[in-house]
Amino acid sequence: MADRSLGHRAPLLWLVLPYALGLAWGKVGSAPSPALGLALALPAAVAALVLAGRHPRLWPWLIGLAIALCGAASYQLHRNRLPDWERLPPREAQLQLRILRVFATGFEERTSGLAEVTHAAPHLQDLVGQKIYYALRLGPGEEAPVRSTELTAQGVLTLLPRNPADDTFDGYLADAGMNFKLTRGRVIETVAPATAYRAFCARMEARFVHRLSHGIEAKQPELTNVLRAMMLGRKHDLSEEQDTLFMQSGTMHLFAISGLHIGVIAGGVQALLLLLRLPRVWRYWLSLLLLWLYVDITGGTPSAVRAFCMVALVQTSFMWRVPGNPLAALAASAGIVLLLEPMQLFSASFQMSYGIVVALLTLGLPLAGRWQARWPLFASLPVGAWRWWQHLVRDGWNGLLVALAIGVASILVSSLCGVQFFNLFTPGALIANVVLIPIAMVVILAGMGSLLCGLVGFGAGSVLCNHAAVLVLWLIDRALRLLVDLPGIYHAAAYQAAWIGPLGLALLLASLLYGYHHGWSRRHGAWWPPCVIVALTLIFGVNFA
């Protein structure tokens with residue numbers, strides 16, 4: 001029987017991959033200027049169209065070159081870093097900012113985040129339109145600004161390095177397209193308050209925080225913080241001990257609003273709307289609206305927005321009765337994200353989330369299907385003669401094989417990315433994630449139930465869901481503490497050179513797509529090339545401490 005996880009086509013990859021390579025080319029710094037790059041891209045695209053019928057092997061390379069040139073130009077235009085800035089020393093500056101994203105500081109008298117410069121002094125006019133990081137002190141009794149607020153701030157303006165290390169905060173800012181940061185400053189005045197919609201999102205977030213704490217904060221404050229972190233992405237609520245525990249066990253991804261959270265909540269919303277017996281069109285639009293509100297209320301982080309795009313594309317295929325193709329949906333969502341925010345390509349969350357999903361779709365699911373076909377239970381008995389317990393055991397066995405295959409696929413990507421972005425190699429993450437991801441889904445559903453009960457005024461139901469979530473989180477906490485005490489579960493690690501990590505990840509993704517394209521046949525290396533690439537990268541390219 002043919003494996004349904006194989007054979008999916010994603011033509012958009014022929015556009016997304018050259019564009020991503022072009023963005024990387026632009027970051028390295030050897031790409032032509034944007035004007036020259038776009039001037040060269042046009043004749044390359046025209047030549048590809050002319051030669052499409054005559055030279056079928058040549059024109060894809062030409063169109064790929066044209067798209068790569070556009071990607072390199074896009075990087076330079078979005079980074080928008082002028083050569084004259086390289087000699088600028090830190091200076092005091094007063095800027096007018098529009099808040100784009102707010103970071104949690106843990107201190108009521110301080111605020112930080114990302115903003116766009118909307119007005120500056122004449123000698124700083126080059127900064128208008130630039131995105132910068134800010135860290136400011138608030139006045140007595142002054143509340144932290146929310147997204148879309150415009151304010152005037154004064155502080156020390158510092159130029160970021162051109163290409164700082166990926167595992168530093170400056171590296172995170174540079175990869176997000178920032179060139180400057182405004183720190184050690186203060187808010188002078190609020191020019192324009194937040195829009196009504198952004199103010200609504202801020203109020204709902206505060207309400208969600210209260211609802212997820214209802215009935216449990218006094219009894220289990222630490223686990224309450226974990227629940228809020230998991231449901232709302234509030235990683236700053238975690239204690240230093242908890243943060244270290246989740247990092248060492250390779251489970252910190254559970255506290256970023258990403259594909260796991262959005263997928264589980266989308267499934268829960270769909271089930272609820274089905275119970276209400278709403279028409280299919282209403283379910284489609286209402287589920288997307290509720291899902292987007294959840295994404296925006298929890299901060300609209302890039303990982304959450306990417307997951308929403310993926311889920312929206314899958315639900316759209318169901319709505320229009322188009323055959324489901326998760327690989328094509330993944331390529332489409334990556335293309336949309338990179339067109340709107342090309343700098344996300346260099347973020348840890350983008351590389352890990354898309355890399356792991358690619359590994360799951362191209363390696364994990366086909367490998368699970370191969371294992372299930374090779375090691376079936378009760379193969380000598382016809383299915384019609386099975387007892388109820390045999391069906392139950394077979395389903396559990398198949399579920400275990402799927403979890404193991406998915407764990408193997410995800411550990412390949414997370415091993416390389418963990419060393420690059422967190423200086424940690426966590427082989428124990430395979431065990432932790434195989435066991436804890438299904439359990440974490442129960443926590444997310446319980447948290448969703450708490451929020452829904454709170455919204456409709458059913459306080460007792462909210463308290464019950466919170467207690468159920470905390471009970472499961474206590475089990476997770478105990479299990480992780482036992483796990484990280486085992487020898488060899490995690491190691492401090494760093495690449496010997498900065499280019500090794502990105503190159504290893506690129507080769508891994510290429511081997512995954514190559515193997516999937518050829519059905520993981522023995523003639524083309526079977527399942528071993530991705531494993532060999534990761535092993536060689538770790539053995540010869542990493543220093544372990």
# chains A, B, ... in the order shown; residues from 1 in each chain; ligands from 1
>>> residues_around(residues="segment 449-457 of chain A", least_positions_apart="6", cutoff="7 Å", atoms="only C-alpha atoms", output="MDAnalysis selection string")
chainID A and resid 208 211:212 465:466
>>> write_last_selection(atoms="C-alpha atoms", output="PDB file, in the first residue's frame")
ATOM      1  CA  PHE A 208      -6.239  36.102  30.466  1.00  0.00           C
ATOM      2  CA  ARG A 211      -8.114  33.918  34.556  1.00  0.00           C
ATOM      3  CA  LEU A 212      -5.165  31.500  34.316  1.00  0.00           C
ATOM      4  CA  CYS A 465      -9.459  23.575  34.303  1.00  0.00           C
ATOM      5  CA  ASN A 466      -6.655  25.454  36.070  1.00  0.00           C
TER       6      ASN A 466
END
>>> closest_residue(among="A:Met230, A:Leu291, A:Arg280, A:Pro342", to="Leu21 of chain A", atoms="only C-alpha atoms")
A:Pro342
>>> atom_distance(atom1="atom CA of Trp292 of chain A", atom2="atom CA of Gly267 of chain A")
13.9 Å
>>> closest_residue(among="A:Ala68, A:Phe169, A:Ile188, A:Ile431", to="Pro18 of chain A", atoms="only C-alpha atoms")
A:Ala68
>>> closest_residue(among="A:Ala460, A:Leu12, A:Ala176, A:Ala104", to="Ala328 of chain A", atoms="only C-alpha atoms")
A:Leu12
>>> residues_around(residues="Leu151 of chain A", least_positions_apart="3", cutoff="9 Å", atoms="only C-alpha atoms", output="list in words")
Leu95, Gln96, Leu97, Arg98, Ile99, Pro145, Val187, Ile188, Glu189, Thr190, Val191, Ala192 and Pro193 of chain A
>>> residues_around(residues="Val311 of chain A", least_positions_apart="2", cutoff="8 Å", atoms="only C-alpha atoms", output="list in words")
Ile262, Gly263, Ala266, Ala307, Phe308, Cys309, Leu313, Val314 and Gln315 of chain A
>>> residues_around(residues="Ile533 of chain A", least_positions_apart="5", cutoff="12 Å", atoms="only C-alpha atoms", output="short mmCIF file (atom, residue, chain, number, x, y, z; two decimals) with N, CA and C atoms, in the first residue's frame")
data_model
loop_
_atom_site.label_atom_id
_atom_site.label_comp_id
_atom_site.auth_asym_id
_atom_site.auth_seq_id
_atom_site.Cartn_x
_atom_site.Cartn_y
_atom_site.Cartn_z
N LEU A 412 17.09 15.90 14.91
CA LEU A 412 18.12 16.22 13.92
C LEU A 412 18.26 17.73 13.75
N VAL A 413 17.13 18.42 13.66
CA VAL A 413 17.17 19.87 13.48
C VAL A 413 17.53 20.57 14.79
N SER A 415 19.21 19.56 17.28
CA SER A 415 20.61 19.37 17.70
C SER A 415 21.50 20.45 17.11
N LEU A 416 21.34 20.72 15.82
CA LEU A 416 22.17 21.74 15.18
C LEU A 416 21.79 23.14 15.63
N ILE A 500 29.66 27.12 10.48
CA ILE A 500 29.42 25.67 10.50
C ILE A 500 27.95 25.36 10.75
N GLY A 501 27.34 26.05 11.71
CA GLY A 501 25.94 25.78 12.04
C GLY A 501 24.99 26.03 10.88
N LEU A 503 25.64 26.21 7.69
CA LEU A 503 25.94 25.28 6.59
C LEU A 503 25.41 23.88 6.90
N GLY A 504 25.61 23.42 8.13
CA GLY A 504 25.11 22.10 8.50
C GLY A 504 23.60 22.01 8.40
N LEU A 505 22.90 23.07 8.84
CA LEU A 505 21.44 23.08 8.76
C LEU A 505 20.98 23.09 7.31
N ALA A 506 21.65 23.88 6.46
CA ALA A 506 21.28 23.93 5.04
C ALA A 506 21.47 22.56 4.39
N LEU A 507 22.58 21.89 4.67
CA LEU A 507 22.82 20.56 4.11
C LEU A 507 21.79 19.55 4.62
N LEU A 508 21.43 19.67 5.89
CA LEU A 508 20.42 18.76 6.46
C LEU A 508 19.08 18.94 5.75
N LEU A 509 18.63 20.18 5.58
CA LEU A 509 17.35 20.41 4.91
C LEU A 509 17.39 19.94 3.46
N ALA A 510 18.53 20.15 2.79
CA ALA A 510 18.66 19.69 1.41
C ALA A 510 18.56 18.17 1.35
N SER A 511 19.19 17.47 2.30
CA SER A 511 19.13 16.00 2.30
C SER A 511 17.72 15.51 2.61
N LEU A 512 16.98 16.23 3.45
CA LEU A 512 15.60 15.85 3.75
C LEU A 512 14.72 15.97 2.51
N TRP A 527 17.45 6.23 4.60
CA TRP A 527 17.21 7.22 5.65
C TRP A 527 18.50 7.78 6.25
N TRP A 528 19.65 7.38 5.75
CA TRP A 528 20.90 7.68 6.45
C TRP A 528 21.52 9.04 6.16
N LEU A 538 28.39 17.49 14.19
CA LEU A 538 28.62 17.50 15.63
C LEU A 538 30.01 16.99 15.99
N ILE A 539 30.49 15.99 15.27
CA ILE A 539 31.78 15.38 15.61
C ILE A 539 32.94 16.31 15.24
N PHE A 540 32.89 16.87 14.04
CA PHE A 540 34.04 17.64 13.55
C PHE A 540 33.86 19.15 13.65
N GLY A 541 32.65 19.63 13.94
CA GLY A 541 32.45 21.08 13.94
C GLY A 541 32.10 21.68 15.27
#
>>> atom_distance(atom1="atom CA of Arg91 of chain A", atom2="atom CA of Arg162 of chain A")
18.1 Å
>>> decode(residues="segment 332-370 of chain A", atoms="N, CA and C atoms", output="PDB file, in the first residue's frame")
ATOM      1  N   ALA A 332       4.000  27.652   1.191  1.00  0.00           N
ATOM      2  CA  ALA A 332       3.240  28.884   0.983  1.00  0.00           C
ATOM      3  C   ALA A 332       3.358  29.813   2.183  1.00  0.00           C
ATOM      4  N   SER A 333       3.241  29.257   3.401  1.00  0.00           N
ATOM      5  CA  SER A 333       3.342  30.111   4.586  1.00  0.00           C
ATOM      6  C   SER A 333       4.746  30.698   4.715  1.00  0.00           C
ATOM      7  N   ALA A 334       5.787  29.902   4.409  1.00  0.00           N
ATOM      8  CA  ALA A 334       7.148  30.437   4.457  1.00  0.00           C
ATOM      9  C   ALA A 334       7.338  31.537   3.434  1.00  0.00           C
ATOM     10  N   GLY A 335       6.771  31.369   2.230  1.00  0.00           N
ATOM     11  CA  GLY A 335       6.877  32.406   1.214  1.00  0.00           C
ATOM     12  C   GLY A 335       6.188  33.687   1.630  1.00  0.00           C
ATOM     13  N   ILE A 336       5.004  33.571   2.222  1.00  0.00           N
ATOM     14  CA  ILE A 336       4.276  34.765   2.670  1.00  0.00           C
ATOM     15  C   ILE A 336       5.062  35.491   3.752  1.00  0.00           C
ATOM     16  N   VAL A 337       5.583  34.732   4.721  1.00  0.00           N
ATOM     17  CA  VAL A 337       6.320  35.345   5.823  1.00  0.00           C
ATOM     18  C   VAL A 337       7.578  36.039   5.316  1.00  0.00           C
ATOM     19  N   LEU A 338       8.322  35.399   4.420  1.00  0.00           N
ATOM     20  CA  LEU A 338       9.574  35.988   3.948  1.00  0.00           C
ATOM     21  C   LEU A 338       9.340  37.187   3.043  1.00  0.00           C
ATOM     22  N   LEU A 339       8.225  37.219   2.339  1.00  0.00           N
ATOM     23  CA  LEU A 339       7.916  38.406   1.540  1.00  0.00           C
ATOM     24  C   LEU A 339       7.561  39.595   2.425  1.00  0.00           C
ATOM     25  N   LEU A 340       6.812  39.337   3.490  1.00  0.00           N
ATOM     26  CA  LEU A 340       6.398  40.427   4.371  1.00  0.00           C
ATOM     27  C   LEU A 340       7.495  40.812   5.355  1.00  0.00           C
ATOM     28  N   GLU A 341       8.186  39.830   5.909  1.00  0.00           N
ATOM     29  CA  GLU A 341       9.237  40.076   6.907  1.00  0.00           C
ATOM     30  C   GLU A 341      10.456  39.222   6.572  1.00  0.00           C
ATOM     31  N   PRO A 342      11.239  39.605   5.556  1.00  0.00           N
ATOM     32  CA  PRO A 342      12.359  38.749   5.120  1.00  0.00           C
ATOM     33  C   PRO A 342      13.422  38.531   6.187  1.00  0.00           C
ATOM     34  N   MET A 343      13.543  39.455   7.151  1.00  0.00           N
ATOM     35  CA  MET A 343      14.588  39.301   8.162  1.00  0.00           C
ATOM     36  C   MET A 343      14.302  38.161   9.125  1.00  0.00           C
ATOM     37  N   GLN A 344      13.073  37.636   9.121  1.00  0.00           N
ATOM     38  CA  GLN A 344      12.765  36.519  10.009  1.00  0.00           C
ATOM     39  C   GLN A 344      13.553  35.261   9.656  1.00  0.00           C
ATOM     40  N   LEU A 345      14.046  35.179   8.438  1.00  0.00           N
ATOM     41  CA  LEU A 345      14.797  33.995   8.033  1.00  0.00           C
ATOM     42  C   LEU A 345      15.951  33.703   8.980  1.00  0.00           C
ATOM     43  N   PHE A 346      16.541  34.745   9.577  1.00  0.00           N
ATOM     44  CA  PHE A 346      17.750  34.575  10.372  1.00  0.00           C
ATOM     45  C   PHE A 346      17.458  34.411  11.866  1.00  0.00           C
ATOM     46  N   SER A 347      16.192  34.406  12.235  1.00  0.00           N
ATOM     47  CA  SER A 347      15.851  34.257  13.649  1.00  0.00           C
ATOM     48  C   SER A 347      15.889  32.786  14.048  1.00  0.00           C
ATOM     49  N   ALA A 348      16.158  32.549  15.331  1.00  0.00           N
ATOM     50  CA  ALA A 348      16.193  31.179  15.835  1.00  0.00           C
ATOM     51  C   ALA A 348      14.830  30.515  15.715  1.00  0.00           C
ATOM     52  N   SER A 349      13.763  31.264  16.004  1.00  0.00           N
ATOM     53  CA  SER A 349      12.429  30.663  15.974  1.00  0.00           C
ATOM     54  C   SER A 349      12.027  30.256  14.564  1.00  0.00           C
ATOM     55  N   PHE A 350      12.389  31.065  13.550  1.00  0.00           N
ATOM     56  CA  PHE A 350      12.049  30.714  12.171  1.00  0.00           C
ATOM     57  C   PHE A 350      12.792  29.455  11.742  1.00  0.00           C
ATOM     58  N   GLN A 351      14.088  29.421  11.972  1.00  0.00           N
ATOM     59  CA  GLN A 351      14.875  28.281  11.520  1.00  0.00           C
ATOM     60  C   GLN A 351      14.486  27.001  12.245  1.00  0.00           C
ATOM     61  N   MET A 352      14.215  27.097  13.539  1.00  0.00           N
ATOM     62  CA  MET A 352      13.867  25.893  14.287  1.00  0.00           C
ATOM     63  C   MET A 352      12.452  25.430  13.954  1.00  0.00           C
ATOM     64  N   SER A 353      11.497  26.379  13.878  1.00  0.00           N
ATOM     65  CA  SER A 353      10.111  25.971  13.640  1.00  0.00           C
ATOM     66  C   SER A 353       9.935  25.394  12.244  1.00  0.00           C
ATOM     67  N   TYR A 354      10.398  26.107  11.219  1.00  0.00           N
ATOM     68  CA  TYR A 354      10.241  25.598   9.857  1.00  0.00           C
ATOM     69  C   TYR A 354      11.139  24.389   9.617  1.00  0.00           C
ATOM     70  N   GLY A 355      12.341  24.407  10.194  1.00  0.00           N
ATOM     71  CA  GLY A 355      13.227  23.263  10.018  1.00  0.00           C
ATOM     72  C   GLY A 355      12.642  21.991  10.617  1.00  0.00           C
ATOM     73  N   ILE A 356      12.071  22.106  11.825  1.00  0.00           N
ATOM     74  CA  ILE A 356      11.497  20.926  12.469  1.00  0.00           C
ATOM     75  C   ILE A 356      10.264  20.446  11.718  1.00  0.00           C
ATOM     76  N   VAL A 357       9.417  21.372  11.255  1.00  0.00           N
ATOM     77  CA  VAL A 357       8.221  20.950  10.520  1.00  0.00           C
ATOM     78  C   VAL A 357       8.613  20.280   9.199  1.00  0.00           C
ATOM     79  N   VAL A 358       9.622  20.820   8.512  1.00  0.00           N
ATOM     80  CA  VAL A 358      10.103  20.160   7.294  1.00  0.00           C
ATOM     81  C   VAL A 358      10.576  18.744   7.615  1.00  0.00           C
ATOM     82  N   ALA A 359      11.310  18.589   8.715  1.00  0.00           N
ATOM     83  CA  ALA A 359      11.792  17.261   9.097  1.00  0.00           C
ATOM     84  C   ALA A 359      10.632  16.324   9.429  1.00  0.00           C
ATOM     85  N   LEU A 360       9.607  16.835  10.105  1.00  0.00           N
ATOM     86  CA  LEU A 360       8.456  15.999  10.444  1.00  0.00           C
ATOM     87  C   LEU A 360       7.732  15.518   9.195  1.00  0.00           C
ATOM     88  N   LEU A 361       7.520  16.433   8.234  1.00  0.00           N
ATOM     89  CA  LEU A 361       6.746  16.072   7.047  1.00  0.00           C
ATOM     90  C   LEU A 361       7.532  15.200   6.082  1.00  0.00           C
ATOM     91  N   THR A 362       8.820  15.476   5.943  1.00  0.00           N
ATOM     92  CA  THR A 362       9.606  14.751   4.940  1.00  0.00           C
ATOM     93  C   THR A 362      10.251  13.481   5.468  1.00  0.00           C
ATOM     94  N   LEU A 363      10.554  13.449   6.769  1.00  0.00           N
ATOM     95  CA  LEU A 363      11.236  12.285   7.346  1.00  0.00           C
ATOM     96  C   LEU A 363      10.398  11.579   8.409  1.00  0.00           C
ATOM     97  N   GLY A 364       9.849  12.336   9.357  1.00  0.00           N
ATOM     98  CA  GLY A 364       9.162  11.741  10.490  1.00  0.00           C
ATOM     99  C   GLY A 364       7.962  10.890  10.108  1.00  0.00           C
ATOM    100  N   LEU A 365       7.029  11.465   9.347  1.00  0.00           N
ATOM    101  CA  LEU A 365       5.824  10.715   8.986  1.00  0.00           C
ATOM    102  C   LEU A 365       6.116   9.545   8.040  1.00  0.00           C
ATOM    103  N   PRO A 366       6.944   9.715   6.996  1.00  0.00           N
ATOM    104  CA  PRO A 366       7.288   8.537   6.178  1.00  0.00           C
ATOM    105  C   PRO A 366       8.008   7.442   6.966  1.00  0.00           C
ATOM    106  N   LEU A 367       8.889   7.847   7.892  1.00  0.00           N
ATOM    107  CA  LEU A 367       9.594   6.852   8.693  1.00  0.00           C
ATOM    108  C   LEU A 367       8.619   6.099   9.603  1.00  0.00           C
ATOM    109  N   ALA A 368       7.646   6.820  10.162  1.00  0.00           N
ATOM    110  CA  ALA A 368       6.635   6.161  10.999  1.00  0.00           C
ATOM    111  C   ALA A 368       5.824   5.170  10.166  1.00  0.00           C
ATOM    112  N   GLY A 369       5.455   5.558   8.951  1.00  0.00           N
ATOM    113  CA  GLY A 369       4.720   4.640   8.086  1.00  0.00           C
ATOM    114  C   GLY A 369       5.524   3.405   7.736  1.00  0.00           C
ATOM    115  N   ARG A 370       6.830   3.580   7.504  1.00  0.00           N
ATOM    116  CA  ARG A 370       7.692   2.443   7.190  1.00  0.00           C
ATOM    117  C   ARG A 370       7.808   1.502   8.391  1.00  0.00           C
TER     118      ARG A 370
END
